[in-house]
Amino acid sequence: MARAKIALIGAGNIGGTLAHLAAAKELGDVVLFDVVEGVPQGKALDLNQCGPVEGFDSHLKGTNDYADIAGADVIIVTAGVARKPGMSRDDLLGINLKVMKAVGEGIKANAPDAFVICITNPLDAMVWALREFSGLPHHMVVGMAGVLDSSRFRHFLADEFKVSVKDVTAFVLGGHGDTMVPVVEYSTVAGIPIPDLIKMGWSTKERIDAIVARTRSGGGEIVGLLKTGSAFYAPATSGIEMAEAFLKDKKRVIPCAVNLTGQYGVNDLYVGVPCVIGAGGVERVVEIALGDEAQANFTVSVDAVKELLAACRAIDPSLG
Ligand code: APR
């Protein structure tokens, strides 16, 4: 059987880490694309030279030509710029929208059958715009946010409860960023919901509230520490988990930004919800009943995503 082909659009911090993880896990051969000449080629060569030490046979190629992504099974998009001090949200939207247009057209012309995972921020708007510009079916274009947000939540919870991260499950909904909705009643340690753990004296509501707040601003906390960039290890590993679910038809139930068509009362909007990812792309959206507090927070989050899309449409009226 031929090896799978993974194309990474954007060869920056996340793109380079994605390339290393994909090769080390032998998910397939990797094409690293960037507009900057030399960077994807240099990173690909450096990573190919890891192969003999790490024992992987995946081959990596760096390129500035979209033709090289032809036939990709999975495409992960991190192209764009991160918000810098002094840049308004609309400045960032304007720049990254143009990037999504170029990337969407490149994918449409060269790899229209791929499963596409968008990581570029602001995520919920960029994944929607990328889908619009590429014209791919909605179930083949998803955004990576929930895996990362829930991983951050799980890390903080495992620390709080002094248990293995493996035994902590977390449930998050909504947009990526300040309005994301960690759903405490569906987050567990070995199946025991957090409210029960509070009753058992393992923590307090106040401490869990503080963890929820820290999770929501998890990206900002890392930007504040790094000063010259944003998180890349956990975003990359989260993107790889989604790619692997598709390539290996694992039917993982994971939170992703997907296009909703009436689920949770939302239509034609990319929002983070749990879904089943397998060889068919987004195979099913998991719709659960929300408690009053989670529902209210979800509505705030959905409204924030709607506002972002309105700003995108104002910048680029071709977005219907
Ligand atoms: N096409 C392809 N690549 C592009 C384009 C474009 N039109 N425009 C910019 N790039 C490339 C840059 O040259 C750079 O190599 O995208 C890469 C972005 O890399 P970094 O600046 O290192 O950013 P990174 O940390 O990888 O994050 C990428 O993901 O989490 C989000 O907020 C983050 O939007 C940001 C994105």
# chains A, B, ... in the order shown; residues from 1 in each chain; ligands from 1
call {"tool": "closest_atom_pairs", "arguments": {"of": "chain A", "to": "ligand 1", "cutoff": "6 Å", "atoms": "only C-alpha atoms and all ligand atoms", "output": "Markdown table"}}
result
| residue | atom | partner | partner_atom_place_in_ligand_line | distance |
| --- | --- | --- | --- | --- |
| A:Ile9 | CA | ligand 1 | 2 (C) | 5.5 |
| A:Gly10 | CA | ligand 1 | 16 (O) | 4.0 |
| A:Ala11 | CA | ligand 1 | 15 (O) | 4.5 |
| A:Gly12 | CA | ligand 1 | 19 (O) | 3.2 |
| A:Asn13 | CA | ligand 1 | 22 (O) | 3.9 |
| A:Ile14 | CA | ligand 1 | 26 (O) | 3.7 |
| A:Gly15 | CA | ligand 1 | 26 (O) | 5.5 |
| A:Asp34 | CA | ligand 1 | 3 (N) | 4.0 |
| A:Val35 | CA | ligand 1 | 2 (C) | 4.7 |
| A:Val36 | CA | ligand 1 | 13 (O) | 5.2 |
| A:Thr78 | CA | ligand 1 | 28 (C) | 4.4 |
| A:Ala79 | CA | ligand 1 | 16 (O) | 3.5 |
| A:Gly80 | CA | ligand 1 | 9 (C) | 4.0 |
| A:Val81 | CA | ligand 1 | 34 (O) | 5.3 |
| A:Ala82 | CA | ligand 1 | 32 (O) | 4.6 |
| A:Val99 | CA | ligand 1 | 7 (N) | 4.2 |
| A:Ala102 | CA | ligand 1 | 7 (N) | 5.9 |
| A:Ile119 | CA | ligand 1 | 29 (O) | 5.0 |
| A:Thr120 | CA | ligand 1 | 34 (O) | 3.7 |
| A:Asn121 | CA | ligand 1 | 34 (O) | 4.0 |
| A:Ser230 | CA | ligand 1 | 25 (O) | 5.4 |
| A:Phe232 | CA | ligand 1 | 25 (O) | 5.5 |
call {"tool": "write_last_selection", "arguments": {"atoms": "C-alpha atoms", "output": "JSON list (two decimals), in the first residue's frame"}}
result
[["chain", "number", "residue", "atom", "x", "y", "z"],
["A", 9, "ILE", "CA", 0.89, 24.67, 4.74],
["A", 10, "GLY", "CA", 3.04, 26.98, 6.84],
["A", 11, "ALA", "CA", 6.52, 25.89, 7.93],
["A", 12, "GLY", "CA", 6.83, 28.04, 11.04],
["A", 13, "ASN", "CA", 6.93, 26.88, 14.65],
["A", 14, "ILE", "CA", 3.80, 24.74, 14.50],
["A", 15, "GLY", "CA", 4.46, 23.55, 10.93],
["A", 34, "ASP", "CA", 5.73, 28.01, 2.89],
["A", 35, "VAL", "CA", 5.89, 31.29, 0.99],
["A", 36, "VAL", "CA", 9.34, 32.01, 2.44],
["A", 78, "THR", "CA", -0.81, 26.96, 10.03],
["A", 79, "ALA", "CA", 0.02, 29.65, 7.45],
["A", 80, "GLY", "CA", -0.46, 33.22, 8.58],
["A", 81, "VAL", "CA", 0.76, 35.64, 11.18],
["A", 82, "ALA", "CA", 0.19, 35.72, 14.90],
["A", 99, "VAL", "CA", -3.60, 34.04, 3.51],
["A", 102, "ALA", "CA", -4.34, 31.90, -1.22],
["A", 119, "ILE", "CA", -4.95, 25.77, 12.99],
["A", 120, "THR", "CA", -4.46, 29.43, 11.96],
["A", 121, "ASN", "CA", -6.07, 31.96, 14.31],
["A", 230, "SER", "CA", 2.75, 31.63, 20.63],
["A", 232, "PHE", "CA", 3.46, 25.40, 19.28]]
call {"tool": "residues_around", "arguments": {"residues": "Leu123 in chain A", "least_positions_apart": "6", "cutoff": "10 Å", "atoms": "only C-alpha atoms", "output": "PyMOL selection string"}}
result
chain A and resi 129+142-145+175-177+257+270-271+305
call {"tool": "write_last_selection", "arguments": {"atoms": "C-alpha atoms", "output": "PDB file, in the first residue's frame"}}
result
ATOM      1  CA  ALA A 129     -13.066  31.221   5.447  1.00  0.00           C
ATOM      2  CA  VAL A 142     -12.233  21.112  10.368  1.00  0.00           C
ATOM      3  CA  GLY A 143     -10.596  23.424  12.863  1.00  0.00           C
ATOM      4  CA  MET A 144      -8.196  22.396  15.610  1.00  0.00           C
ATOM      5  CA  ALA A 145      -9.042  24.055  18.910  1.00  0.00           C
ATOM      6  CA  GLY A 175     -15.164  28.957  20.048  1.00  0.00           C
ATOM      7  CA  HIS A 176     -11.411  28.946  20.627  1.00  0.00           C
ATOM      8  CA  GLY A 177     -10.326  31.610  23.062  1.00  0.00           C
ATOM      9  CA  ALA A 257     -14.491  23.197  15.120  1.00  0.00           C
ATOM     10  CA  TYR A 270     -18.001  26.573  12.554  1.00  0.00           C
ATOM     11  CA  VAL A 271     -18.049  26.032  16.321  1.00  0.00           C
ATOM     12  CA  VAL A 305     -17.958  33.588  16.445  1.00  0.00           C
TER      13      VAL A 305
END
call {"tool": "residues_around", "arguments": {"residues": "range 151-156 of chain A", "least_positions_apart": "5", "cutoff": "9 Å", "atoms": "only C-alpha atoms", "output": "PDB file with C-alpha atoms, in the first residue's frame"}}
result
ATOM      1  CA  GLY A 146     -10.972  21.704  21.181  1.00  0.00           C
ATOM      2  CA  PHE A 161      -6.226  16.053  41.606  1.00  0.00           C
ATOM      3  CA  VAL A 165      -3.404  12.836  32.855  1.00  0.00           C
ATOM      4  CA  LYS A 166      -4.461   9.541  31.245  1.00  0.00           C
ATOM      5  CA  VAL A 168      -8.661  12.695  33.233  1.00  0.00           C
ATOM      6  CA  THR A 169     -11.190  13.360  30.495  1.00  0.00           C
ATOM      7  CA  ALA A 170     -12.345  16.862  29.688  1.00  0.00           C
ATOM      8  CA  PHE A 171     -15.177  18.224  27.660  1.00  0.00           C
ATOM      9  CA  VAL A 172     -14.986  21.633  26.007  1.00  0.00           C
ATOM     10  CA  PRO A 182     -15.201  23.878  29.528  1.00  0.00           C
ATOM     11  CA  SER A 187     -15.275  16.251  32.704  1.00  0.00           C
ATOM     12  CA  ILE A 211      -8.779  26.239  36.465  1.00  0.00           C
ATOM     13  CA  VAL A 212     -11.570  26.946  33.977  1.00  0.00           C
ATOM     14  CA  ARG A 214      -6.804  29.570  33.302  1.00  0.00           C
ATOM     15  CA  THR A 215      -7.797  27.111  30.550  1.00  0.00           C
ATOM     16  CA  ARG A 216      -9.727  29.832  28.709  1.00  0.00           C
ATOM     17  CA  GLY A 218      -4.241  29.214  28.159  1.00  0.00           C
ATOM     18  CA  ALA A 234       0.658  21.332  22.173  1.00  0.00           C
ATOM     19  CA  SER A 238      -3.300  18.228  18.851  1.00  0.00           C
TER      20      SER A 238
END
call {"tool": "closest_residue", "arguments": {"among": "A:Leu319, A:Phe115, A:Ile194, A:Glu221", "to": "Ala158 in chain A", "atoms": "only C-alpha atoms"}}
result
A:Ile194
call {"tool": "residues_around", "arguments": {"residues": "Met100 in chain A", "least_positions_apart": "5", "cutoff": "10 Å", "atoms": "only C-alpha atoms", "output": "ChimeraX atom specification"}}
result
/A:77-80,95,105-106,118,120,126-134
call {"tool": "atom_distance", "arguments": {"atom1": "CA of Ala72 in chain A", "atom2": "CA of Val31 in chain A"}}
result
8.7 Å
call {"tool": "select_by_dssp", "arguments": {"residues": "range 97-308 of chain A", "states": "alpha helix (DSSP H)", "output": "PyMOL selection string"}}
result
chain A and resi 97-110+123-134+146-161+194-199+205-216+218-226+233-247+292-308
call {"tool": "closest_residue", "arguments": {"among": "A:Thr17, A:Lys248, A:Gly55, A:Ala7", "to": "Leu32 in chain A", "atoms": "only C-alpha atoms"}}
result
A:Ala7
call {"tool": "closest_residue", "arguments": {"among": "A:Val184, A:Val282, A:Ala304, A:Leu197", "to": "Ala243 in chain A", "atoms": "only C-alpha atoms"}}
result
A:Val282
call {"tool": "select_by_dssp", "arguments": {"residues": "range 234-273 of chain A", "states": "strand (DSSP E or B)", "output": "PyMOL selection string"}}
result
chain A and resi 252-261+267-273
call {"tool": "residues_around", "arguments": {"residues": "Ile198 in chain A", "least_positions_apart": "6", "cutoff": "12 Å", "atoms": "only C-alpha atoms", "output": "list in words"}}
result
Glu160, Phe161, Val184, Glu185, Thr188, Val189, Ile192, Thr204, Lys205, Glu206, Arg207, Ile208 and Asp209 of chain A
call {"tool": "atom_distance", "arguments": {"atom1": "CA of Lys250 in chain A", "atom2": "CA of Gly191 in chain A"}}
result
21.5 Å
call {"tool": "residues_around", "arguments": {"residues": "Ala294 in chain A", "least_positions_apart": "4", "cutoff": "7 Å", "atoms": "only C-alpha atoms", "output": "MDAnalysis selection string"}}
result
chainID A and resid 181 183 290 298
call {"tool": "closest_residue", "arguments": {"among": "A:Asp29, A:Asp268, A:Glu54, A:Asp91", "to": "Cys312 in chain A", "atoms": "only C-alpha atoms"}}
result
A:Asp91
call {"tool": "closest_residue", "arguments": {"among": "A:Asp113, A:Asp159, A:Asp196, A:Glu293", "to": "Gly280 in chain A", "atoms": "only C-alpha atoms"}}
result
A:Asp113
call {"tool": "residues_around", "arguments": {"residues": "range 260-267 of chain A", "least_positions_apart": "2", "cutoff": "10 Å", "atoms": "only C-alpha atoms", "output": "list in words"}}
result
His138, His139, Ala257, Val258, Leu269, Tyr270, Val271, Gly272, Val273, Val285, Val286, Glu287, Ile288, Ala289, Leu290, Gln295, Phe298, Thr299 and Val302 of chain A
call {"tool": "write_last_selection", "arguments": {"atoms": "N, CA and C atoms", "output": "PDB file, in the first residue's frame"}}
result
ATOM      1  N   HIS A 138     -17.991  20.425   3.529  1.00  0.00           N
ATOM      2  CA  HIS A 138     -17.839  20.846   4.931  1.00  0.00           C
ATOM      3  C   HIS A 138     -17.271  19.741   5.820  1.00  0.00           C
ATOM      4  N   HIS A 139     -17.641  18.481   5.549  1.00  0.00           N
ATOM      5  CA  HIS A 139     -17.188  17.415   6.454  1.00  0.00           C
ATOM      6  C   HIS A 139     -15.709  17.101   6.284  1.00  0.00           C
ATOM      7  N   ALA A 257     -13.627  22.153  15.680  1.00  0.00           N
ATOM      8  CA  ALA A 257     -14.491  23.197  15.120  1.00  0.00           C
ATOM      9  C   ALA A 257     -15.063  22.635  13.820  1.00  0.00           C
ATOM     10  N   VAL A 258     -16.366  22.396  13.812  1.00  0.00           N
ATOM     11  CA  VAL A 258     -17.015  21.829  12.619  1.00  0.00           C
ATOM     12  C   VAL A 258     -18.195  22.701  12.225  1.00  0.00           C
ATOM     13  N   LEU A 269     -22.322  27.557  10.803  1.00  0.00           N
ATOM     14  CA  LEU A 269     -21.288  28.231  11.573  1.00  0.00           C
ATOM     15  C   LEU A 269     -20.304  27.170  12.044  1.00  0.00           C
ATOM     16  N   TYR A 270     -19.009  27.482  11.996  1.00  0.00           N
ATOM     17  CA  TYR A 270     -18.001  26.573  12.554  1.00  0.00           C
ATOM     18  C   TYR A 270     -17.855  26.866  14.046  1.00  0.00           C
ATOM     19  N   VAL A 271     -18.179  25.879  14.864  1.00  0.00           N
ATOM     20  CA  VAL A 271     -18.049  26.032  16.321  1.00  0.00           C
ATOM     21  C   VAL A 271     -17.513  24.710  16.872  1.00  0.00           C
ATOM     22  N   GLY A 272     -16.820  24.787  17.976  1.00  0.00           N
ATOM     23  CA  GLY A 272     -16.243  23.583  18.573  1.00  0.00           C
ATOM     24  C   GLY A 272     -17.285  22.729  19.279  1.00  0.00           C
ATOM     25  N   VAL A 273     -17.391  21.485  18.838  1.00  0.00           N
ATOM     26  CA  VAL A 273     -18.289  20.503  19.469  1.00  0.00           C
ATOM     27  C   VAL A 273     -17.623  19.126  19.340  1.00  0.00           C
ATOM     28  N   VAL A 285     -21.647  14.444  14.314  1.00  0.00           N
ATOM     29  CA  VAL A 285     -21.537  15.470  15.357  1.00  0.00           C
ATOM     30  C   VAL A 285     -22.259  14.923  16.581  1.00  0.00           C
ATOM     31  N   VAL A 286     -21.602  14.984  17.718  1.00  0.00           N
ATOM     32  CA  VAL A 286     -22.213  14.465  18.949  1.00  0.00           C
ATOM     33  C   VAL A 286     -22.963  15.608  19.623  1.00  0.00           C
ATOM     34  N   GLU A 287     -24.264  15.435  19.750  1.00  0.00           N
ATOM     35  CA  GLU A 287     -25.085  16.508  20.314  1.00  0.00           C
ATOM     36  C   GLU A 287     -25.595  16.069  21.678  1.00  0.00           C
ATOM     37  N   ILE A 288     -25.211  16.796  22.700  1.00  0.00           N
ATOM     38  CA  ILE A 288     -25.660  16.433  24.050  1.00  0.00           C
ATOM     39  C   ILE A 288     -26.524  17.551  24.611  1.00  0.00           C
ATOM     40  N   ALA A 289     -27.322  17.218  25.627  1.00  0.00           N
ATOM     41  CA  ALA A 289     -28.136  18.238  26.292  1.00  0.00           C
ATOM     42  C   ALA A 289     -27.221  19.014  27.243  1.00  0.00           C
ATOM     43  N   LEU A 290     -27.296  20.329  27.175  1.00  0.00           N
ATOM     44  CA  LEU A 290     -26.444  21.151  28.039  1.00  0.00           C
ATOM     45  C   LEU A 290     -27.224  21.651  29.240  1.00  0.00           C
ATOM     46  N   GLN A 295     -25.175  26.070  28.592  1.00  0.00           N
ATOM     47  CA  GLN A 295     -25.937  26.584  27.439  1.00  0.00           C
ATOM     48  C   GLN A 295     -25.751  28.100  27.306  1.00  0.00           C
ATOM     49  N   PHE A 298     -22.343  28.785  26.075  1.00  0.00           N
ATOM     50  CA  PHE A 298     -22.228  28.370  24.674  1.00  0.00           C
ATOM     51  C   PHE A 298     -22.824  29.456  23.764  1.00  0.00           C
ATOM     52  N   THR A 299     -23.962  30.018  24.185  1.00  0.00           N
ATOM     53  CA  THR A 299     -24.602  31.072  23.382  1.00  0.00           C
ATOM     54  C   THR A 299     -23.679  32.281  23.256  1.00  0.00           C
ATOM     55  N   VAL A 302     -20.977  31.331  20.741  1.00  0.00           N
ATOM     56  CA  VAL A 302     -21.493  31.321  19.364  1.00  0.00           C
ATOM     57  C   VAL A 302     -21.649  32.765  18.861  1.00  0.00           C
TER      58      VAL A 302
END
call {"tool": "closest_residue", "arguments": {"among": "A:Met1, A:Ala70, A:Leu18, A:Met180", "to": "Ser301 in chain A", "atoms": "only C-alpha atoms"}}
result
A:Met180
call {"tool": "decode", "arguments": {"residues": "range 70-202 of chain A", "atoms": "C-alpha atoms", "output": "short mmCIF file (atom, residue, chain, number, x, y, z; two decimals), in the first residue's frame"}}
result
data_model
loop_
_atom_site.label_atom_id
_atom_site.label_comp_id
_atom_site.auth_asym_id
_atom_site.auth_seq_id
_atom_site.Cartn_x
_atom_site.Cartn_y
_atom_site.Cartn_z
CA ALA A 70 -1.05 17.26 -5.18
CA GLY A 71 -2.60 14.04 -3.95
CA ALA A 72 -2.27 14.90 -0.25
CA ASP A 73 -4.50 12.82 2.01
CA VAL A 74 -4.31 15.29 4.90
CA ILE A 75 -3.47 18.99 4.87
CA ILE A 76 -2.76 20.92 8.05
CA VAL A 77 -2.82 24.71 7.71
CA THR A 78 -0.81 26.96 10.03
CA ALA A 79 0.02 29.65 7.45
CA GLY A 80 -0.46 33.22 8.58
CA VAL A 81 0.76 35.64 11.18
CA ALA A 82 0.19 35.72 14.90
CA ARG A 83 -1.21 38.84 16.53
CA LYS A 84 1.54 41.26 17.47
CA PRO A 85 1.43 44.11 19.99
CA GLY A 86 -0.38 47.11 18.52
CA MET A 87 -2.23 45.04 15.92
CA SER A 88 -6.02 45.21 16.09
CA ARG A 89 -8.19 42.15 15.70
CA ASP A 90 -9.35 43.49 12.33
CA ASP A 91 -5.74 44.00 11.16
CA LEU A 92 -5.05 40.35 11.99
CA LEU A 93 -8.28 39.22 10.36
CA GLY A 94 -7.45 41.15 7.21
CA ILE A 95 -3.96 39.64 6.88
CA ASN A 96 -4.91 36.05 7.69
CA LEU A 97 -8.04 36.20 5.50
CA LYS A 98 -5.80 36.97 2.52
CA VAL A 99 -3.60 34.04 3.51
CA MET A 100 -6.64 31.73 3.75
CA LYS A 101 -7.73 32.85 0.28
CA ALA A 102 -4.34 31.90 -1.22
CA VAL A 103 -4.23 28.62 0.73
CA GLY A 104 -7.86 27.73 -0.10
CA GLU A 105 -7.24 28.29 -3.79
CA GLY A 106 -4.02 26.26 -3.65
CA ILE A 107 -5.85 23.35 -2.03
CA LYS A 108 -8.80 23.57 -4.42
CA ALA A 109 -6.50 23.42 -7.46
CA ASN A 110 -4.14 20.72 -6.20
CA ALA A 111 -5.64 18.54 -3.48
CA PRO A 112 -9.43 18.81 -3.46
CA ASP A 113 -9.88 15.33 -1.94
CA ALA A 114 -7.82 16.00 1.18
CA PHE A 115 -8.99 16.14 4.78
CA VAL A 116 -8.07 19.68 5.84
CA ILE A 117 -7.29 20.72 9.41
CA CYS A 118 -6.98 24.46 10.04
CA ILE A 119 -4.95 25.77 12.99
CA THR A 120 -4.46 29.43 11.96
CA ASN A 121 -6.07 31.96 14.31
CA PRO A 122 -8.60 33.40 14.89
CA LEU A 123 -9.53 29.77 14.44
CA ASP A 124 -13.32 29.73 14.14
CA ALA A 125 -13.27 32.45 11.47
CA MET A 126 -10.23 31.14 9.59
CA VAL A 127 -11.55 27.57 9.27
CA TRP A 128 -14.84 28.93 7.95
CA ALA A 129 -13.07 31.22 5.45
CA LEU A 130 -10.72 28.42 4.35
CA ARG A 131 -13.75 26.20 3.63
CA GLU A 132 -15.40 29.01 1.67
CA PHE A 133 -12.28 29.75 -0.39
CA SER A 134 -11.44 26.07 -1.02
CA GLY A 135 -14.99 24.96 -1.82
CA LEU A 136 -14.29 21.54 -0.25
CA PRO A 137 -17.18 19.65 1.37
CA HIS A 138 -17.84 20.85 4.93
CA HIS A 139 -17.19 17.41 6.45
CA MET A 140 -13.63 17.48 5.06
CA VAL A 141 -12.63 20.83 6.59
CA VAL A 142 -12.23 21.11 10.37
CA GLY A 143 -10.60 23.42 12.86
CA MET A 144 -8.20 22.40 15.61
CA ALA A 145 -9.04 24.05 18.91
CA GLY A 146 -10.97 21.70 21.18
CA VAL A 147 -8.27 19.03 21.37
CA LEU A 148 -5.80 21.69 22.53
CA ASP A 149 -8.22 23.41 24.89
CA SER A 150 -9.27 20.12 26.47
CA SER A 151 -5.65 19.00 26.73
CA ARG A 152 -4.84 22.19 28.62
CA PHE A 153 -7.86 21.62 30.88
CA ARG A 154 -6.83 17.97 31.49
CA HIS A 155 -3.28 19.00 32.38
CA PHE A 156 -4.50 21.52 34.97
CA LEU A 157 -7.07 19.06 36.38
CA ALA A 158 -4.53 16.23 36.66
CA ASP A 159 -2.25 18.61 38.56
CA GLU A 160 -5.08 19.61 40.87
CA PHE A 161 -6.23 16.05 41.61
CA LYS A 162 -2.69 14.57 41.65
CA VAL A 163 -3.65 11.82 39.22
CA SER A 164 -2.38 10.71 35.82
CA VAL A 165 -3.40 12.84 32.86
CA LYS A 166 -4.46 9.54 31.24
CA ASP A 167 -7.33 9.18 33.73
CA VAL A 168 -8.66 12.69 33.23
CA THR A 169 -11.19 13.36 30.50
CA ALA A 170 -12.34 16.86 29.69
CA PHE A 171 -15.18 18.22 27.66
CA VAL A 172 -14.99 21.63 26.01
CA LEU A 173 -17.35 23.38 23.62
CA GLY A 174 -17.62 26.63 21.73
CA GLY A 175 -15.16 28.96 20.05
CA HIS A 176 -11.41 28.95 20.63
CA GLY A 177 -10.33 31.61 23.06
CA ASP A 178 -11.80 33.56 25.90
CA THR A 179 -15.35 32.36 25.31
CA MET A 180 -14.63 28.63 25.12
CA VAL A 181 -16.85 26.54 27.37
CA PRO A 182 -15.20 23.88 29.53
CA VAL A 183 -18.15 21.70 30.62
CA VAL A 184 -17.34 20.68 34.17
CA GLU A 185 -20.20 18.19 34.62
CA TYR A 186 -18.94 16.11 31.66
CA SER A 187 -15.28 16.25 32.70
CA THR A 188 -14.12 13.33 34.81
CA VAL A 189 -11.43 11.40 36.62
CA ALA A 190 -11.87 7.75 35.61
CA GLY A 191 -15.53 8.43 34.88
CA ILE A 192 -16.26 10.37 38.12
CA PRO A 193 -17.63 13.82 37.13
CA ILE A 194 -15.91 16.87 38.64
CA PRO A 195 -18.98 18.00 40.66
CA ASP A 196 -18.87 14.58 42.41
CA LEU A 197 -15.14 14.96 43.03
CA ILE A 198 -15.86 18.33 44.66
CA LYS A 199 -18.45 16.63 46.90
CA MET A 200 -15.80 14.01 47.73
CA GLY A 201 -13.50 16.82 48.92
CA TRP A 202 -10.92 16.44 46.12
#
